[in-house]
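Content type mmCIF, C-alpha atoms, from the file start39.cif:
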data_data
loop_
_atom_site.label_atom_id
_atom_site.label_comp_id
_atom_site.auth_asym_id
_atom_site.auth_seq_id
_atom_site.Cartn_x
_atom_site.Cartn_y
_atom_site.Cartn_z
CA MET A 1 0.00 0.00 0.00
CA LYS A 2 2.77 2.40 1.00
CA ILE A 3 4.76 1.52 -2.07
CA ILE A 4 1.76 2.20 -4.30
CA LEU A 5 1.18 5.57 -2.63
CA PHE A 6 4.86 6.37 -2.95
CA PHE A 7 4.93 5.49 -6.63
CA LEU A 8 1.64 7.22 -7.41
CA SER A 9 2.66 10.50 -5.87
CA PHE A 10 6.00 10.28 -7.64
CA CYS A 11 4.27 9.84 -11.01
CA ILE A 12 1.84 12.69 -10.46
CA THR A 13 4.51 15.15 -9.53
CA ILE A 14 7.07 14.25 -12.12
CA GLN A 15 4.63 15.71 -14.66
CA THR A 16 4.42 19.09 -13.07
CA GLN A 17 7.77 19.64 -11.69
CA ALA A 18 9.89 24.68 -6.28
CA GLN A 19 11.37 24.66 -3.93
CA GLU A 20 13.34 22.29 -1.83
CA LEU A 21 13.93 24.05 1.45
CA PHE A 22 11.65 21.55 3.11
CA VAL A 23 10.28 21.82 6.61
CA VAL A 24 10.63 18.35 8.14
CA THR A 25 12.97 16.75 5.62
CA GLU A 26 16.36 17.85 4.25
CA PRO A 27 17.08 18.10 0.49
CA ALA A 28 20.23 16.77 -1.20
CA SER A 29 21.45 20.34 -1.75
CA ASN A 30 23.62 22.09 0.82
CA MET A 31 23.95 25.63 2.09
CA ALA A 32 26.57 27.85 0.46
CA THR A 33 30.14 27.42 1.70
CA GLY A 34 30.85 29.63 4.69
CA THR A 35 27.19 30.27 5.47
CA ILE A 36 25.90 29.85 9.01
CA GLY A 37 22.19 29.16 9.43
CA LEU A 38 20.38 29.70 12.73
CA ARG A 39 17.16 27.79 13.26
CA LEU A 40 14.51 27.56 15.90
CA ALA A 41 12.01 24.76 15.42
CA GLN A 42 8.99 24.38 17.68
CA SER A 43 6.27 21.77 17.63
CA VAL A 44 3.06 21.41 19.60
CA LEU A 45 1.61 17.91 19.24
CA LYS A 46 -1.57 16.76 20.95
CA GLU A 47 -1.05 13.97 23.50
CA LYS A 48 -3.18 10.97 22.55
CA TYR A 49 -3.46 9.11 25.83
CA GLU A 50 -3.34 11.93 28.34
CA PRO A 51 -4.53 15.53 28.42
CA GLY A 52 -2.32 18.30 27.15
CA ASN A 53 0.23 18.86 24.45
CA ASN A 54 3.75 17.68 23.85
CA TYR A 55 5.87 20.78 23.28
CA HIS A 56 9.33 20.61 21.72
CA ILE A 57 11.84 23.39 21.04
CA MET A 58 14.91 22.71 18.96
CA PRO A 59 17.52 25.46 18.48
CA GLU A 60 19.85 24.48 15.63
CA VAL A 61 23.04 25.82 14.03
CA MET A 62 23.96 24.85 10.47
CA TRP A 63 27.26 25.40 8.70
CA GLY A 64 28.20 25.09 5.01
CA VAL A 65 31.72 23.67 5.46
CA SER A 66 32.48 23.29 1.74
CA LYS A 67 30.51 23.09 -1.46
CA LYS A 68 29.80 19.43 -0.77
CA LEU A 69 29.66 19.14 3.02
CA MET A 70 27.40 20.68 5.61
CA LEU A 71 27.03 20.15 9.36
CA HIS A 72 24.11 20.75 11.72
CA THR A 73 23.96 20.65 15.47
CA ALA A 74 20.88 21.04 17.60
CA ILE A 75 19.67 20.67 21.16
CA PHE A 76 16.36 19.17 22.24
CA ILE A 77 14.16 20.88 24.81
CA SER A 78 10.70 19.60 25.73
CA ASN A 79 7.97 19.59 28.36
CA ARG A 80 8.04 15.80 28.66
CA ASN A 81 8.53 16.36 32.36
CA LYS A 82 5.22 18.16 32.72
CA SER A 83 6.28 20.65 35.33
CA LYS A 84 8.86 22.51 33.26
CA LEU A 85 10.87 22.70 30.03
CA GLU A 86 14.01 20.58 30.15
CA THR A 87 16.99 20.09 27.88
CA GLU A 88 16.95 16.40 27.01
CA GLY A 89 19.83 16.03 24.59
CA GLY A 90 21.35 17.04 21.28
CA THR A 91 22.31 15.91 17.81
CA LEU A 92 25.08 16.19 15.23
CA TYR A 93 24.21 15.80 11.55
CA ALA A 94 26.42 15.75 8.45
CA LYS A 95 25.42 15.68 4.79
CA TYR A 96 27.73 15.10 1.84
CA ARG A 97 26.55 15.89 -1.69
CA PHE A 98 28.11 13.29 -3.95
CA TYR A 99 26.27 13.83 -7.21
CA SER A 100 25.12 16.93 -9.10
CA THR A 101 23.86 17.51 -12.57
CA ASP A 102 22.66 21.03 -13.23
CA ASP A 103 21.08 22.92 -16.08
CA VAL A 104 19.37 26.32 -16.34
CA HIS A 105 16.57 26.34 -13.72
CA LYS A 106 16.97 22.66 -12.91
CA HIS A 107 19.14 20.23 -11.04
CA PHE A 108 19.34 16.67 -9.84
CA ARG A 109 21.40 16.03 -6.74
CA ALA A 110 22.13 13.15 -4.42
CA ALA A 111 23.65 13.19 -0.95
CA ALA A 112 24.52 10.81 1.88
CA TYR A 113 23.85 11.82 5.48
CA GLY A 114 24.34 10.67 8.99
CA ARG A 115 23.12 11.69 12.41
CA VAL A 116 24.19 10.87 15.97
CA SER A 117 21.92 11.88 18.83
CA VAL A 118 21.79 11.68 22.58
CA ASN A 119 18.64 12.02 24.62
CA ASN A 120 18.00 11.33 28.28
CA SER A 121 14.19 11.39 28.26
CA ASP A 122 12.03 8.37 29.05
CA ILE A 123 11.24 6.08 26.10
CA HIS A 124 7.48 6.09 25.86
CA GLN A 125 6.61 4.92 22.34
CA GLU A 126 7.46 2.36 19.67
CA GLU A 127 8.34 4.98 17.08
CA ILE A 128 12.08 5.57 16.81
CA ASN A 129 12.97 9.24 16.51
CA THR A 130 16.55 10.41 16.99
CA MET A 131 15.32 13.96 16.45
CA GLY A 132 14.14 14.59 19.96
CA HIS A 133 13.09 11.26 21.49
CA ASN A 134 15.80 8.59 21.20
CA SER A 135 19.54 8.31 21.57
CA GLY A 136 21.02 6.58 18.56
CA TYR A 137 22.06 7.16 14.99
CA GLU A 138 20.62 7.43 11.52
CA THR A 139 22.25 7.07 8.11
CA GLY A 140 20.73 7.44 4.69
CA VAL A 141 20.68 8.84 1.18
CA VAL A 142 18.55 11.59 -0.35
CA ALA A 143 17.93 12.58 -3.96
CA THR A 144 16.39 15.88 -5.08
CA GLN A 145 15.12 16.99 -8.45
CA LEU A 146 14.37 20.66 -9.12
CA ILE A 147 12.64 21.73 -12.30
CA HIS A 148 11.70 25.40 -12.56
CA LYS A 149 9.31 26.12 -9.70
CA VAL A 150 8.83 22.56 -8.42
CA ALA A 151 11.11 20.38 -6.33
CA ILE A 152 10.69 16.73 -5.46
CA SER A 153 12.90 14.98 -2.98
CA SER A 154 13.03 11.49 -1.57
CA SER A 155 15.14 9.80 1.08
CA ILE A 156 15.63 6.43 2.65
CA SER A 157 17.51 5.83 5.88
CA TYR A 158 18.36 3.31 8.58
CA GLU A 159 17.78 4.44 12.15
CA GLN A 160 19.13 2.69 15.23
CA ALA A 161 18.04 3.54 18.75
CA THR A 162 20.21 2.91 21.80
CA ASN A 163 19.60 3.31 25.54
CA ASN A 164 18.63 6.87 26.38
CA SER A 165 20.34 6.80 29.76
CA LYS A 166 21.18 4.39 32.54
CA VAL A 167 17.72 4.96 33.93
CA ASN A 168 15.87 5.23 30.62
CA LYS A 169 17.07 2.11 28.82
CA PHE A 170 15.61 1.04 25.50
CA PRO A 171 12.84 -1.46 26.31
CA THR A 172 14.00 -4.98 25.45
CA ALA A 173 10.53 -5.92 24.19
CA GLN A 174 10.63 -3.21 21.48
CA ILE A 175 12.42 -3.18 18.13
CA ASN A 176 15.36 -0.78 18.25
CA ASN A 177 15.96 -0.22 14.53
CA ALA A 178 13.85 1.04 11.65
CA THR A 179 13.79 2.02 8.01
CA ASN A 180 12.62 5.57 7.32
CA TYR A 181 11.48 6.94 4.02
CA THR A 182 10.37 10.41 2.98
CA LEU A 183 8.88 11.99 -0.12
CA SER A 184 8.63 15.77 -0.37
CA PHE A 185 7.13 18.15 -2.87
CA GLY A 186 7.52 21.90 -2.95
CA ARG A 187 6.34 24.60 -5.27
CA LEU A 188 7.18 28.30 -5.53
CA MET A 189 3.83 30.14 -5.58
CA TYR A 190 4.92 33.76 -5.31
CA PRO A 191 6.34 35.80 -6.90
CA LYS A 192 5.40 34.79 -10.41
CA SER A 193 8.25 36.89 -11.61
CA TYR A 194 11.16 38.19 -9.50
CA THR A 195 12.02 41.86 -9.20
CA SER A 196 14.45 41.95 -6.25
CA TYR A 197 16.02 40.05 -3.35
CA LYS A 198 13.71 41.97 -1.01
CA GLN A 199 10.58 40.30 -2.38
CA THR A 200 9.00 37.75 -0.05
CA ASN A 201 8.86 34.30 -1.64
CA ILE A 202 6.01 31.95 -0.77
CA ASN A 203 6.40 28.20 -1.16
CA VAL A 204 3.85 25.51 -0.51
CA MET A 205 4.95 22.02 0.35
CA VAL A 206 3.72 18.62 1.30
CA GLU A 207 6.01 16.05 2.84
CA PHE A 208 5.34 12.38 3.57
CA VAL A 209 7.34 10.85 6.37
CA GLY A 210 7.16 7.12 7.03
CA GLN A 211 8.82 4.54 9.21
CA LYS A 212 8.82 0.76 9.37
CA LEU A 213 10.29 -1.12 12.32
CA ASN A 214 12.70 -3.64 10.82
CA GLY A 215 11.65 -7.26 11.05
CA SER A 216 8.07 -6.40 11.94
CA SER A 217 4.95 -5.20 10.17
CA LYS A 218 4.70 -2.10 12.41
CA SER A 219 4.82 1.17 10.54
CA PHE A 220 3.38 4.64 10.23
CA LEU A 221 3.01 7.37 7.64
CA ASP A 222 2.56 11.10 8.32
CA ALA A 223 1.63 13.88 5.91
CA VAL A 224 3.02 17.35 6.56
CA PRO A 225 1.52 20.16 4.49
CA SER A 226 3.22 23.52 4.97
CA ILE A 227 3.53 27.10 3.84
CA GLN A 228 6.87 28.85 3.80
CA PHE A 229 7.81 32.52 3.63
CA ILE A 230 11.31 33.50 2.55
CA ILE A 231 12.02 37.07 3.59
CA ASN A 232 14.70 39.31 2.12
CA SER A 233 16.33 36.23 0.56
CA GLN A 234 17.85 35.59 3.99
CA ALA A 235 15.21 34.48 6.51
CA ARG A 236 12.58 31.73 6.57
CA ILE A 237 9.31 31.21 8.37
CA ASP A 238 7.76 27.77 7.94
CA LEU A 239 4.35 26.84 9.27
CA ALA A 240 3.33 23.19 8.99
CA TYR A 241 0.65 20.81 10.21
CA ILE A 242 1.63 17.24 11.02
CA GLN A 243 -1.11 14.69 10.41
CA GLN A 244 -0.75 10.95 10.92
CA LEU A 245 -2.22 9.11 7.93
CA TYR A 246 -2.00 5.68 9.55
CA SER A 247 -0.03 3.88 12.20
CA THR A 248 0.24 0.31 13.38
CA MET A 249 2.72 1.20 16.11
CA TYR A 250 2.31 2.85 19.50
CA ARG A 251 2.91 6.61 19.24
CA THR A 252 1.98 9.08 21.99
CA ALA A 253 1.66 12.39 20.14
CA THR A 254 1.24 12.55 16.40
CA ASN A 255 -0.85 15.46 15.19
CA GLY A 256 -0.15 19.12 15.62
CA VAL A 257 1.54 22.25 14.41
CA TYR A 258 5.15 22.92 13.61
CA LEU A 259 6.80 26.35 13.39
CA LYS A 260 10.32 26.84 12.12
CA LEU A 261 12.28 30.08 11.97
CA GLU A 262 15.58 30.36 10.15
CA TYR A 263 18.10 33.13 9.55
CA ASN A 264 21.13 32.80 7.28
CA LEU A 265 24.42 34.64 7.71
CA PHE A 266 26.37 34.52 4.46
CA ASN A 267 30.17 34.22 4.20
CA VAL A 268 30.86 33.92 7.92
CA THR A 269 33.67 31.44 7.29
CA LYS A 270 35.89 31.04 4.20
CA MET B 1 68.84 52.15 -22.85
CA LYS B 2 66.40 53.93 -20.59
CA ASN B 3 64.09 54.37 -23.56
CA ILE B 4 64.22 50.66 -24.35
CA ILE B 5 63.29 49.80 -20.77
CA LEU B 6 60.42 52.25 -20.95
CA ILE B 7 59.23 50.75 -24.23
CA ILE B 8 59.43 47.20 -22.83
CA ALA B 9 57.59 48.34 -19.72
CA ALA B 10 54.94 49.95 -21.91
CA ILE B 11 54.51 46.74 -23.94
CA ILE B 12 54.16 44.64 -20.79
CA ALA B 13 51.65 47.10 -19.44
CA THR B 14 49.69 47.01 -22.69
CA ASN B 15 49.62 43.20 -22.82
CA PHE B 16 48.52 43.16 -19.23
CA ALA B 17 45.66 45.53 -19.99
CA GLN B 18 44.73 43.56 -23.08
CA ALA B 19 43.64 40.52 -21.12
CA GLN B 20 42.00 42.30 -18.23
CA ILE B 21 38.35 41.58 -17.56
CA THR B 22 36.27 44.70 -16.97
CA LYS B 23 32.86 43.05 -16.80
CA ALA B 24 31.57 39.47 -16.53
CA GLU B 25 28.04 38.39 -17.41
CA LEU B 26 27.36 35.03 -15.81
CA VAL B 27 24.37 32.71 -15.84
CA ALA B 28 24.26 30.23 -12.96
CA THR B 29 22.56 26.85 -13.30
CA GLY B 30 20.71 24.66 -10.86
CA LEU B 31 18.62 27.26 -9.06
CA THR B 32 15.32 29.08 -9.11
CA CYS B 33 15.03 30.50 -5.59
CA SER B 34 16.03 34.02 -4.58
CA MET B 35 17.86 32.81 -1.46
CA CYS B 36 20.04 30.61 -3.67
CA SER B 37 20.72 33.53 -6.00
CA ASN B 38 21.56 35.73 -3.01
CA ALA B 39 24.11 33.15 -1.83
CA ILE B 40 25.92 33.51 -5.18
CA ASN B 41 25.58 37.31 -5.12
CA LYS B 42 27.16 37.43 -1.65
CA GLN B 43 29.99 35.14 -2.80
CA PHE B 44 30.90 37.52 -5.66
CA LYS B 45 30.93 40.44 -3.26
CA THR B 46 33.68 38.78 -1.20
CA LEU B 47 36.10 39.37 -4.10
CA PRO B 48 37.94 42.66 -3.45
CA GLU B 49 38.29 43.14 -7.22
CA VAL B 50 34.52 43.35 -7.63
CA ASP B 51 33.14 46.85 -7.93
CA SER B 52 29.43 45.98 -8.10
CA VAL B 53 27.03 43.17 -9.01
CA THR B 54 23.63 43.45 -10.64
CA THR B 55 21.25 40.50 -10.85
CA ASN B 56 18.41 39.28 -13.00
CA LEU B 57 16.65 36.85 -10.66
CA ASN B 58 14.39 35.43 -13.34
CA LYS B 59 17.29 34.48 -15.58
CA ASN B 60 19.72 33.76 -12.71
CA SER B 61 22.16 36.04 -14.46
CA PHE B 62 24.72 38.25 -12.75
CA THR B 63 26.59 41.19 -14.23
CA ILE B 64 29.82 41.67 -12.30
CA TYR B 65 31.67 44.96 -12.76
CA LEU B 66 35.35 44.76 -11.89
CA LYS B 67 37.79 47.35 -10.65
CA LYS B 68 40.52 48.68 -12.93
CA GLY B 69 43.85 46.87 -12.82
CA ASN B 70 42.38 43.57 -11.54
CA THR B 71 44.08 40.32 -12.52
CA LEU B 72 41.06 38.02 -12.05
CA THR B 73 40.69 35.08 -14.39
CA PRO B 74 37.38 33.34 -15.21
CA LYS B 75 38.20 30.71 -12.59
CA ALA B 76 37.49 33.22 -9.79
CA PHE B 77 33.84 33.42 -10.85
CA LYS B 78 33.48 29.67 -11.31
CA ASP B 79 34.95 28.98 -7.86
CA LYS B 80 32.53 31.44 -6.22
CA VAL B 81 29.43 29.99 -7.94
CA GLU B 82 30.47 26.45 -7.00
CA LYS B 83 31.14 27.49 -3.38
CA ALA B 84 27.53 28.63 -3.25
CA GLY B 85 26.54 25.12 -4.39
CA PHE B 86 25.73 25.83 -8.03
CA PHE B 87 27.39 25.80 -11.43
CA VAL B 88 28.22 28.23 -14.25
CA GLY B 89 25.96 27.85 -17.31
CA SER B 90 27.42 30.68 -19.35
CA LEU B 91 30.16 33.29 -18.91
CA VAL B 92 30.61 36.24 -21.26
CA LEU B 93 33.52 38.56 -20.51
CA THR B 94 34.06 42.12 -21.57
CA MET B 95 37.74 42.70 -22.24
CA PRO B 96 39.28 45.91 -23.54
CA PHE B 97 41.57 44.97 -26.43
CA ASP B 98 44.04 47.39 -27.96
CA ASN B 99 44.93 46.35 -31.49
CA VAL B 100 45.02 42.62 -30.72
CA LYS B 101 45.37 40.36 -33.74
CA ALA B 102 42.95 37.52 -33.14
CA ALA B 103 42.61 34.42 -35.29
CA ASP B 104 41.69 30.80 -34.87
CA ASN B 105 43.89 29.07 -32.26
CA VAL B 106 45.85 32.24 -31.49
CA ALA B 107 46.60 32.92 -27.84
CA ILE B 108 47.26 36.00 -25.81
CA THR B 109 49.12 35.41 -22.61
CA THR B 110 49.07 37.34 -19.41
CA ASN B 111 49.91 36.44 -15.82
CA ASN B 112 50.52 32.78 -16.76
CA THR B 113 47.03 32.64 -18.24
CA ASN B 114 46.43 31.90 -21.91
CA TYR B 115 43.33 33.20 -23.65
CA ILE B 116 42.98 31.20 -26.86
CA PHE B 117 40.63 32.31 -29.62
CA ILE B 118 38.52 29.51 -31.05
CA ASP B 119 36.49 29.50 -34.21
CA THR B 120 37.56 33.09 -34.85
CA LYS B 121 38.22 34.66 -38.25
CA PRO B 122 41.43 36.72 -38.54
CA GLN B 123 40.61 40.17 -37.19
CA THR B 124 42.00 43.04 -35.19
CA LEU B 125 40.24 43.54 -31.88
CA GLN B 126 39.95 47.10 -30.69
CA GLY B 127 38.13 48.46 -27.64
CA GLN B 128 35.67 46.69 -25.30
CA THR B 129 35.07 43.23 -26.77
CA LEU B 130 32.62 40.55 -25.69
CA VAL B 131 34.00 37.03 -25.55
CA LYS B 132 32.33 33.82 -24.39
CA VAL B 133 34.32 31.26 -22.39
CA LEU B 134 33.86 27.79 -23.89
CA ASP B 135 35.72 25.62 -21.38
CA LYS B 136 34.37 22.86 -19.17
CA GLY B 137 32.68 24.35 -16.12
CA TYR B 138 31.87 27.59 -17.95
CA VAL B 139 29.08 26.21 -20.14
CA THR B 140 26.18 23.90 -19.27
CA GLN B 141 26.99 20.20 -18.98
CA LYS B 142 24.97 19.53 -22.15
CA GLU B 143 26.75 22.28 -24.07
CA TYR B 144 30.13 20.95 -22.99
CA LYS B 145 29.31 17.51 -24.37
CA SER B 146 28.67 18.93 -27.82
CA LEU B 147 31.65 21.34 -27.65
CA GLN B 148 33.92 18.44 -26.71
CA LYS B 149 33.12 16.85 -30.07
CA ALA B 150 33.11 20.07 -32.07
CA LEU B 151 36.43 21.29 -30.63
CA ALA B 152 38.26 17.96 -30.53
CA LYS B 153 40.82 19.34 -33.04
CA TYR B 154 42.12 21.86 -30.47
CA PRO B 155 44.54 19.94 -28.22
CA SER B 156 44.56 22.72 -25.61
CA TYR B 157 40.76 22.53 -25.36
CA VAL B 158 40.81 18.80 -24.84
CA ALA B 159 43.62 19.14 -22.26
CA ASN B 160 41.28 21.19 -20.07
CA SER B 161 43.96 23.07 -18.14
CA ASN B 162 43.14 25.67 -15.49
CA ASN B 163 45.51 28.16 -17.15
CA ASN B 164 43.95 28.01 -20.62
CA PHE B 165 40.68 29.70 -21.44
CA HIS B 166 39.12 29.27 -24.87
CA LEU B 167 37.24 32.30 -26.10
CA LYS B 168 34.82 32.93 -28.90
CA THR B 169 34.25 36.53 -29.93
CA MET B 170 30.61 37.57 -29.98
#

Encoding of this model in structure tokens:
Amino acid sequence: MKIILFFLSFCITIQTQAQELFVVTEPASNMATGTIGLRLAQSVLKEKYEPGNNYHIMPEVMWGVSKKLMLHTAIFISNRNKSKLETEGGTLYAKYRFYSTDDVHKHFRAAAYGRVSVNNSDIHQEEINTMGHNSGYETGVVATQLIHKVAISSSISYEQATNNSKVNKFPTAQINNATNYTLSFGRLMYPKSYTSYKQTNINVMVEFVGQKLNGSSKSFLDAVPSIQFIINSQARIDLAYIQQLYSTMYRTATNGVYLKLEYNLFNVTK
Amino acid sequence: MKNIILIIAAIIATNFAQAQITKAELVATGLTCSMCSNAINKQFKTLPEVDSVTTNLNKNSFTIYLKKGNTLTPKAFKDKVEKAGFFVGSLVLTMPFDNVKAADNVAITTNNTNYIFIDTKPQTLQGQTLVKVLDKGYVTQKEYKSLQKALAKYPSYVANSNNNFHLKTM
């Protein structure tokens, strides 16, 4: 079923062929060399089995090391401990662009990436998420096609969870590794025609994020529609809604809003 | 003797000026977003030799005006575009020539850089002249494939050296 959906959406979009600065997934392209990006991501997801919301804040710094390599680092803060916001851990992410073929107003790129995360929160669901819930690592490949105003990007990765802490060990009854796949579409809606760098750009996007626990039939698929404003060709405001399409695994908070702010400082390093 | 030195100095100075780039019109490939274009724009502005940059965001073209007396070669522009994560699709230079005899496969040399005229009828170049760079990395990947076949008879083109630039007058 997932494969059919994957293939179908691929076929539909390949006809139309945007923009690839996705909200919950990363494209194969990197930031410019020497650029530092500052991000603040916030999500408010409704708790399914208890009252209230699960609130996460993730400050992130990104660095374009060279034309092919970029690094991200982020820290995870959440209200998992209901009384107050706590820093639960952090992550290091690297992406290496190994293939590029460009033409006027189009490109196809491929990159390999890896992430290592630590997190000391309690493990409370079957979903594996090294972006704010689990300690562990993730490694994968992503390919992105841009044609004029439309971008399509897809990734596949292997994610391995480890013990979160001495107290919060990974439950032995659960599967600790998974295969993730994503499919993202983005389209530049405004302006129809550019006049200056000061013009606000508006992109609309929809991203599909799925996971399957390896060696089991447990999986889920989320859809994330979003609108993005690019201001002064330097700052980004992304507003997204995360909606679970289906899940056969235990997840505690799935649906809600996601807000991401980003500011880029060009040519900070050589 | 003094006069001879002065004459030689004048010739060197003239040759130097002959191959100087005063303006570069560059089309970048692989992008449509203004933030991407801005990344390239900001890269060009890090070059001290650059006087100003104007941009056409719809065409992803950049017109780079250079300061007098600069010794930049086309590679400087290519490096900057690639540092921003993109590629050069076309580069047209404006060079002030003073009575330069150009012909097919004739080179002018300055600062260890050879500018070789390709597919050019014998002519004398005078004043601001537009030339297109034909080398790998200065044209689209598709264009390079066809140029590779068309220009196979020029050994220096095939050799693809960083010090040789192949120019076609426009």

In terms of the shortest atom-to-atom distance over all atoms listed in the file, which of B:Cys33, B:Ala76, B:Ala28, B:Ala39 is closest to Asn162 in chain B? B:Ala76

Wanna dump the chain A-chain B contacts at 8 Å for me, each residue with its shortest atom pair and the distance in Å to one decimal, counting only C-alpha atoms, ordered by chain and number, as CSV?
residue,atom,partner,partner_atom,distance
A:Ala18,CA,B:Thr32,CA,7.5
A:Gln19,CA,B:Cys33,CA,7.1
A:Ser29,CA,B:Gly85,CA,7.5
A:Asn30,CA,B:Gly85,CA,6.7
A:Met31,CA,B:Gly85,CA,7.0
A:Ala32,CA,B:Ala84,CA,3.9
A:Thr33,CA,B:Lys83,CA,5.2
A:Ser66,CA,B:Lys83,CA,6.8
A:Lys67,CA,B:Lys83,CA,4.8
A:Lys68,CA,B:Gly85,CA,7.5
A:Thr101,CA,B:Gln141,CA,7.6
A:Asp102,CA,B:Gly30,CA,4.8
A:Asp103,CA,B:Thr29,CA,5.0
A:Val104,CA,B:Thr29,CA,4.4
A:His105,CA,B:Leu31,CA,5.2
A:Lys106,CA,B:Gly30,CA,4.7
A:His107,CA,B:Gly30,CA,4.7
A:Leu146,CA,B:Gly30,CA,7.7
A:His148,CA,B:Thr32,CA,6.2
A:Lys149,CA,B:Thr32,CA,6.7
A:Ser193,CA,B:Asn58,CA,6.5
A:Tyr194,CA,B:Asn58,CA,5.7
A:Thr195,CA,B:Leu57,CA,7.0
A:Ser196,CA,B:Leu57,CA,7.1
A:Tyr197,CA,B:Ser34,CA,6.2
A:Asn201,CA,B:Ser34,CA,7.8
A:Ile230,CA,B:Met35,CA,7.7
A:Ser233,CA,B:Met35,CA,4.3
A:Gln234,CA,B:Met35,CA,6.1
A:Phe266,CA,B:Lys42,CA,6.8
A:Asn267,CA,B:Gln43,CA,7.1

Tell me which residues come within 9 Å of (37.7, 29.8, -26.3), as a ChimeraX atom specification, counting all atoms listed in the file in the file's coordinates. /B:105,115-119,131-135,157,164-169

Evaluate the PyMOL selection byres ((chain A and resi 72) around 9) and report residues as a count of residues only: 15

Residue contacts of Arg236 in chain A (8 Å, all atoms listed in the file) excluding same-chain residues fewer than 2 positions away, as a list in words: Gln228, Phe229, Ile230, Ile231, Gln234, Asp238, Lys260, Leu261, Glu262 and Tyr263 of chain A

Could you give me, as a list in words, the residues within 7 Å of range 127-132 of chain A, counting only C-alpha atoms and dropping anything in the same chain fewer than 2 positions from it? Phe76, Ser117, Asn119, Gln125, Asn134, Ser135, Gly136, Tyr137, Ala161, Met249, Tyr250 and Arg251 of chain A
